[in-house]
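Reproduced below: input.csv, with CSV, C-alpha atoms.
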```
chain,number,residue,atom,x,y,z
A,52,MET,CA,-9.6,12.1,12.1
A,53,LYS,CA,-11.0,11.9,8.6
A,54,LYS,CA,-8.3,14.1,7.3
A,55,ALA,CA,-5.5,12.0,8.8
A,56,ILE,CA,-7.0,8.8,7.4
A,57,TYR,CA,-7.4,10.4,4.0
A,58,SER,CA,-3.7,11.2,4.0
A,59,VAL,CA,-2.8,7.7,5.1
A,60,LEU,CA,-4.9,6.4,2.2
A,61,ALA,CA,-2.9,8.4,-0.3
A,62,ALA,CA,0.0,6.1,0.7
A,63,CYS,CA,3.4,7.6,0.5
A,64,VAL,CA,5.6,4.6,-0.3
A,65,GLY,CA,9.1,5.3,1.1
A,66,PHE,CA,12.3,3.5,1.6
A,67,LEU,CA,14.1,3.5,5.0
A,68,VAL,CA,17.5,2.4,6.1
A,69,LEU,CA,19.3,1.9,9.4
A,70,PRO,CA,22.0,4.5,10.4
A,71,TRP,CA,25.4,4.0,8.8
A,72,SER,CA,28.8,5.7,9.2
A,73,ALA,CA,29.3,9.1,7.7
A,74,ALA,CA,32.7,7.8,6.5
A,75,ALA,CA,31.1,5.8,3.7
A,76,GLN,CA,31.9,8.5,1.1
A,77,ASN,CA,31.8,6.1,-1.9
A,78,TYR,CA,28.5,4.5,-1.1
A,79,PRO,CA,27.6,2.1,-2.5
A,80,ASP,CA,30.8,0.2,-3.2
A,81,ARG,CA,29.1,-3.3,-3.0
A,82,PRO,CA,25.6,-4.8,-3.6
A,83,VAL,CA,22.8,-3.4,-1.5
A,84,ARG,CA,20.0,-5.6,-0.2
A,85,VAL,CA,16.5,-4.0,-0.7
A,86,ILE,CA,13.9,-5.6,1.5
A,87,ILE,CA,10.4,-5.0,0.3
A,88,VAL,CA,8.1,-5.8,3.2
A,89,PHE,CA,5.2,-7.0,1.1
A,90,PRO,CA,4.9,-9.9,-1.4
A,91,PRO,CA,5.5,-9.4,-5.2
A,92,GLY,CA,2.8,-7.7,-7.2
A,93,GLY,CA,1.6,-5.0,-4.9
A,94,SER,CA,2.2,-1.2,-5.3
A,95,ASN,CA,5.2,-1.2,-2.9
A,96,ASP,CA,6.8,-4.1,-4.9
A,97,VAL,CA,6.2,-2.5,-8.3
A,98,THR,CA,7.4,0.9,-7.2
A,99,GLY,CA,10.5,-0.5,-5.5
A,100,ARG,CA,11.5,-2.5,-8.5
A,101,ILE,CA,11.1,0.5,-10.8
A,102,VAL,CA,13.2,2.8,-8.6
A,103,PHE,CA,15.9,0.4,-7.8
A,104,GLN,CA,16.4,-0.8,-11.3
A,105,LYS,CA,17.2,2.8,-12.1
A,106,MET,CA,19.5,2.9,-9.1
A,107,ASN,CA,21.4,-0.1,-10.6
A,108,GLU,CA,21.9,1.9,-13.8
A,109,ILE,CA,22.9,5.1,-12.0
A,110,THR,CA,25.4,3.7,-9.5
A,111,GLY,CA,26.7,0.6,-11.4
A,112,GLN,CA,26.0,-1.4,-8.2
A,113,GLN,CA,23.4,-4.1,-7.7
A,114,PHE,CA,20.3,-3.3,-5.6
A,115,ILE,CA,19.0,-6.8,-4.9
A,116,ILE,CA,15.2,-7.1,-4.2
A,117,ASP,CA,14.3,-9.3,-1.4
A,118,ASN,CA,10.5,-9.7,-0.7
A,119,ARG,CA,9.7,-10.4,3.0
A,120,GLY,CA,6.0,-10.1,3.3
A,121,GLY,CA,3.8,-10.9,6.3
A,122,ALA,CA,2.3,-9.3,9.5
A,123,ALA,CA,1.5,-6.0,7.8
A,124,GLY,CA,5.2,-5.5,6.9
A,125,SER,CA,6.6,-6.1,10.4
A,126,ILE,CA,8.4,-9.3,9.5
A,127,GLY,CA,10.5,-7.5,6.9
A,128,SER,CA,10.9,-4.5,9.2
A,129,ASP,CA,12.3,-6.7,11.9
A,130,ILE,CA,14.9,-8.1,9.6
A,131,VAL,CA,16.1,-4.6,8.7
A,132,ALA,CA,16.1,-3.5,12.4
A,133,LYS,CA,18.3,-6.4,13.4
A,134,GLY,CA,20.6,-6.1,10.3
A,135,PRO,CA,24.0,-4.4,10.1
A,136,LYS,CA,23.9,-0.7,10.5
A,137,ASP,CA,25.9,0.1,7.5
A,138,GLY,CA,23.4,1.3,4.8
A,139,TYR,CA,23.6,-1.9,2.8
A,140,THR,CA,20.2,-3.1,4.0
A,141,ILE,CA,17.4,-0.8,2.8
A,142,MET,CA,13.7,-1.2,3.4
A,143,VAL,CA,10.7,-0.3,1.2
A,144,GLN,CA,7.7,0.4,3.4
A,145,SER,CA,4.5,2.3,3.4
A,146,THR,CA,2.5,4.3,5.9
A,147,THR,CA,1.7,0.9,7.5
A,148,HIS,CA,5.2,1.1,9.1
A,149,VAL,CA,3.9,3.9,11.4
A,150,ALA,CA,0.4,2.5,11.8
A,151,ASN,CA,1.8,-0.8,13.1
A,152,ALA,CA,3.1,1.0,16.2
A,153,HIS,CA,-0.5,1.8,17.1
A,154,LEU,CA,-2.0,-1.5,16.1
A,155,TYR,CA,0.3,-4.0,17.7
A,156,LYS,CA,0.8,-4.1,21.5
A,157,LYS,CA,4.4,-5.1,21.1
A,158,LEU,CA,6.7,-5.0,18.1
A,159,PRO,CA,10.2,-6.5,18.0
A,160,TYR,CA,11.7,-3.1,17.1
A,161,ASP,CA,11.1,0.6,17.7
A,162,VAL,CA,9.5,2.3,14.7
A,163,LEU,CA,11.0,5.7,15.4
A,164,LYS,CA,14.4,4.8,17.0
A,165,ASP,CA,15.5,1.8,14.8
A,166,PHE,CA,15.1,3.4,11.4
A,167,ILE,CA,16.1,6.5,9.5
A,168,GLY,CA,13.7,7.7,6.7
A,169,ILE,CA,15.5,8.6,3.5
A,170,THR,CA,12.9,9.8,1.0
A,171,PRO,CA,9.4,9.2,-0.2
A,172,MET,CA,9.3,7.3,-3.5
A,173,ALA,CA,5.7,7.8,-4.6
A,174,ARG,CA,2.4,9.3,-3.4
A,175,GLN,CA,-0.3,7.1,-4.6
A,176,VAL,CA,-4.1,7.7,-4.8
A,177,GLY,CA,-6.6,5.1,-3.6
A,178,MET,CA,-8.9,3.5,-6.2
A,179,LEU,CA,-12.0,1.3,-5.5
A,180,VAL,CA,-11.9,-1.7,-7.8
A,181,VAL,CA,-14.5,-4.5,-7.8
A,182,HIS,CA,-14.9,-7.9,-9.4
A,183,PRO,CA,-16.7,-7.6,-12.8
A,184,ALA,CA,-19.6,-9.8,-11.6
A,185,LEU,CA,-20.6,-7.1,-9.1
A,186,PRO,CA,-23.5,-5.2,-10.7
A,187,VAL,CA,-22.3,-1.7,-10.1
A,188,LYS,CA,-20.8,1.0,-12.3
A,189,SER,CA,-20.2,3.9,-9.8
A,190,GLY,CA,-19.5,4.6,-6.2
A,191,LYS,CA,-23.2,5.6,-5.7
A,192,GLU,CA,-24.4,2.3,-7.1
A,193,PHE,CA,-21.9,0.4,-5.0
A,194,ILE,CA,-23.0,2.0,-1.7
A,195,ALA,CA,-26.6,1.3,-2.6
A,196,LEU,CA,-25.7,-2.4,-3.2
A,197,ALA,CA,-23.7,-2.6,0.0
A,198,LYS,CA,-26.7,-1.2,2.0
A,199,SER,CA,-28.9,-3.8,0.5
A,200,LYS,CA,-26.5,-6.6,1.5
A,201,PRO,CA,-25.2,-5.8,5.0
A,202,GLY,CA,-22.2,-8.0,5.9
A,203,GLN,CA,-22.4,-9.9,2.6
A,204,LEU,CA,-19.6,-8.1,0.6
A,205,ASN,CA,-16.0,-9.0,1.3
A,206,TYR,CA,-13.2,-6.5,0.8
A,207,ALA,CA,-9.5,-7.4,0.6
A,208,SER,CA,-6.6,-5.5,2.2
A,209,ALA,CA,-2.9,-5.9,2.1
A,210,GLY,CA,-3.0,-6.5,5.8
A,211,SER,CA,-4.5,-5.0,8.9
A,212,GLY,CA,-3.6,-1.3,9.3
A,213,ASN,CA,-2.7,-1.0,5.6
A,214,PRO,CA,-4.0,2.1,3.9
A,215,ASN,CA,-6.5,0.0,1.9
A,216,HIS,CA,-7.9,-1.5,5.1
A,217,LEU,CA,-8.3,2.0,6.7
A,218,ALA,CA,-9.9,3.3,3.5
A,219,ALA,CA,-12.6,0.5,3.5
A,220,GLU,CA,-13.3,1.0,7.2
A,221,LEU,CA,-13.6,4.7,6.6
A,222,LEU,CA,-16.1,4.0,3.8
A,223,ASN,CA,-18.1,1.7,6.1
A,224,MET,CA,-18.3,4.5,8.7
A,225,MET,CA,-19.1,7.4,6.3
A,226,ALA,CA,-21.6,5.5,4.1
A,227,GLY,CA,-23.3,3.6,6.9
A,228,ILE,CA,-22.6,0.2,5.4
A,229,LYS,CA,-21.1,-3.0,6.7
A,230,MET,CA,-18.4,-4.9,4.7
A,231,GLN,CA,-16.3,-7.9,5.9
A,232,HIS,CA,-12.6,-7.5,6.0
A,233,ILE,CA,-10.3,-10.2,4.5
A,234,PRO,CA,-6.7,-9.3,5.2
A,235,TYR,CA,-3.9,-10.7,3.0
A,236,LYS,CA,-0.1,-10.7,3.3
A,237,GLY,CA,0.2,-8.0,0.6
A,238,GLY,CA,-1.5,-6.3,-2.3
A,239,GLY,CA,-0.4,-8.9,-4.8
A,240,PRO,CA,-2.2,-11.8,-3.2
A,241,ALA,CA,-5.2,-9.5,-2.6
A,242,VAL,CA,-5.5,-8.6,-6.2
A,243,THR,CA,-5.1,-12.2,-7.3
A,244,ASP,CA,-8.1,-13.2,-5.2
A,245,LEU,CA,-10.1,-10.2,-6.4
A,246,VAL,CA,-9.5,-11.3,-10.0
A,247,GLY,CA,-10.5,-14.8,-9.0
A,248,GLY,CA,-13.7,-13.6,-7.4
A,249,GLN,CA,-12.9,-14.8,-3.8
A,250,VAL,CA,-13.4,-11.2,-2.7
A,251,GLN,CA,-15.6,-8.5,-4.2
A,252,LEU,CA,-13.6,-5.3,-3.8
A,253,PHE,CA,-10.3,-3.8,-3.0
A,254,PHE,CA,-9.0,-0.3,-2.4
A,255,SER,CA,-5.9,-0.5,-4.6
A,256,THR,CA,-3.5,1.9,-6.2
A,257,PRO,CA,-3.6,2.3,-10.0
A,258,ILE,CA,-0.1,0.9,-10.5
A,259,ALA,CA,-1.1,-2.4,-8.9
A,260,VAL,CA,-4.3,-3.0,-10.9
A,261,MET,CA,-4.1,-1.0,-14.2
A,262,SER,CA,-3.3,-4.1,-16.3
A,263,HIS,CA,-6.3,-5.9,-14.9
A,264,ILE,CA,-8.6,-2.9,-15.5
A,265,LYS,CA,-7.5,-2.7,-19.1
A,266,SER,CA,-8.1,-6.4,-19.6
A,267,GLY,CA,-11.6,-6.2,-17.9
A,268,LYS,CA,-10.7,-8.6,-15.1
A,269,VAL,CA,-11.6,-5.9,-12.5
A,270,LYS,CA,-13.7,-2.7,-12.7
A,271,ALA,CA,-12.5,0.7,-11.3
A,272,ILE,CA,-15.6,2.5,-10.0
A,273,ALA,CA,-14.2,5.2,-7.8
A,274,SER,CA,-11.1,7.1,-6.7
A,275,THR,CA,-10.2,8.9,-3.5
A,276,ARG,CA,-9.1,12.0,-5.4
A,277,GLU,CA,-11.3,15.0,-5.4
A,278,THR,CA,-11.2,14.8,-9.2
A,279,ARG,CA,-11.1,11.8,-11.5
A,280,SER,CA,-7.8,9.9,-11.8
A,281,PRO,CA,-6.1,10.8,-15.1
A,282,ALA,CA,-4.5,7.4,-15.0
A,283,ALA,CA,-7.7,5.4,-14.8
A,284,GLU,CA,-10.5,7.8,-15.6
A,285,SER,CA,-12.6,6.2,-12.9
A,286,ARG,CA,-16.3,6.8,-13.3
A,287,SER,CA,-16.9,8.5,-10.0
A,288,THR,CA,-15.2,10.0,-7.0
A,289,ILE,CA,-15.8,9.3,-3.4
A,290,ARG,CA,-15.0,12.5,-1.5
A,291,TRP,CA,-13.5,11.8,1.9
A,292,SER,CA,-12.3,15.2,2.9
A,293,SER,CA,-9.9,17.8,1.6
A,294,PRO,CA,-6.4,16.6,1.2
A,295,GLY,CA,-3.7,17.3,3.8
A,296,THR,CA,-0.2,16.3,4.6
A,297,TRP,CA,0.6,13.5,6.9
A,298,SER,CA,3.7,13.2,8.9
A,299,ARG,CA,5.0,12.1,12.3
```

Could I get this structure in the form of structure tokens?
Amino acid sequence: MKKAIYSVLAACVGFLVLPWSAAAQNYPDRPVRVIIVFPPGGSNDVTGRIVFQKMNEITGQQFIIDNRGGAAGSIGSDIVAKGPKDGYTIMVQSTTHVANAHLYKKLPYDVLKDFIGITPMARQVGMLVVHPALPVKSGKEFIALAKSKPGQLNYASAGSGNPNHLAAELLNMMAGIKMQHIPYKGGGPAVTDLVGGQVQLFFSTPIAVMSHIKSGKVKAIASTRETRSPAAESRSTIRWSSPGTWSR
């Protein structure tokens, strides 16, 4: 169980597309709609924009970003599932896509049958970031503080079932602490409220918060890697379990 959650936490951001005809030899020969199922500013959005800007340059065709956040990505997923099956509607999702099948009693699409996975785009490590007002400098200090304030610390997530939600609940379970979950429609809004002090912590990815770390608007105190993150040089490491692969 811990190993599976750890692997979900290291969120593999991927893009998926509905089946299209094998006869489309010159794909793409017209603009492609890229639905990112989370709002602007989160790791899926940032990664997708980087990748598809390069696709614009390589193919000479437009890959038009369309953010459709909400309901842990299921709103955007539903648009793709009901769209034309010609390869010109692509979806950027995360492991939340599969988690939703187990969290919601009924979805308006079939996670396995209505989509074809194309490729992973990034494998991202989790990072525990807190508001600067929180008087902690390490994962150990944070756990001690949380134990002294049961139920008083609020953590943000990009939506129920998102890897940062599962990471925080895993920390609750393993450290014997109790934090309150505040779900958002995506990582971008979650980071905005963390910077503003409406929530105290967030399990983010480095790409989504690095600029705020450098400016001092948030503090990175721990990483889910077994070693320090070379990107952020976080002060400590929370060891969940040894890494493993995660697939359906």

Checklist entry - For Ser208 of chain A, which residue among A:Val180, A:Ile272, A:Met106, A:Ile141 is the nearest when counting only C-alpha atoms? => result A:Val180

Compile the contact shell of Pro183 of chain A as a PDB file with C-alpha atoms, keeping the file's coordinate frame: residues with an atom at most 7 Å away, counting only C-alpha atoms, same-chain residues fewer than 6 positions apart removed.
```pdb
ATOM      1  CA  LYS A 268     -10.700  -8.600 -15.100  1.00  0.00           C
ATOM      2  CA  VAL A 269     -11.600  -5.900 -12.500  1.00  0.00           C
ATOM      3  CA  LYS A 270     -13.700  -2.700 -12.700  1.00  0.00           C
TER       4      LYS A 270
END
```

Next on the checklist: Taking only C-alpha atoms into account, name the residue in A:Arg119, A:His216, A:Arg174, A:Lys157 that is nearest to Val143 of chain A.
Outcome noted: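 Once distances to Val143 of chain A are computed over only C-alpha atoms, the minimum belongs to A:Arg119.
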
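Summary of the local environment: counting all atoms listed in the file, residues at most 9 Å from Pro240 of chain A, other than itself and those fewer than 4 positions away along its chain, are A:Pro90, A:Pro91, A:Gly92, A:Gly93, A:Ala209, A:Tyr235, A:Lys236, A:Asp244, A:Leu245.
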
Next on the checklist: Need to verify the contact set: segment 192-195 of chain A, 10 Å, all atoms listed in the file, exclusion of same-chain residues closer than 2 positions in sequence. Can you return it as number ranges by chain?
Outcome noted: A: 179, 181, 185-190, 197-200, 222-223, 226-229, 272-273

Checklist entry - Between A:Ile101, A:Val246, A:Met142, A:Leu196, which one has atoms that come closest to Ile130 of chain A, using all atoms listed in the file? => result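 Selected residue with least distance to Ile130 of chain A: A:Met142.
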
Item to check | From A:Ala241, A:Ile116, A:Ile126, A:Ile87, residue lying nearest Asn151 of chain A [only C-alpha atoms] | outcome: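 The closest residue to Asn151 of chain A is A:Ile126.
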
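Of the listed residues (A:Thr140, A:Gln113, A:Gln104, A:Gln175), A:Gln175 comes nearest to Ile258 of chain A; the distances count all atoms listed in the file.
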
Checklist entry - Nearest to Asp129 of chain A among A:Ile109, A:Val88, A:Val102, A:Ala207, with distances taken over all atoms listed in the file: which residue is it? => result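 Selected residue with least distance to Asp129 of chain A: A:Val88.
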
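For the pair atom CA of Gly127 of chain A and atom CA of Gly177 of chain A, the separation is 23.7 Å.
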
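Atom CA of Val176 of chain A sits 17.8 Å away from atom CA of Gly210 of chain A.
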
Item to check | Distance in Å - atom CA of Gly111 of chain A versus atom CA of Tyr139 of chain A | outcome: 14.7 Å
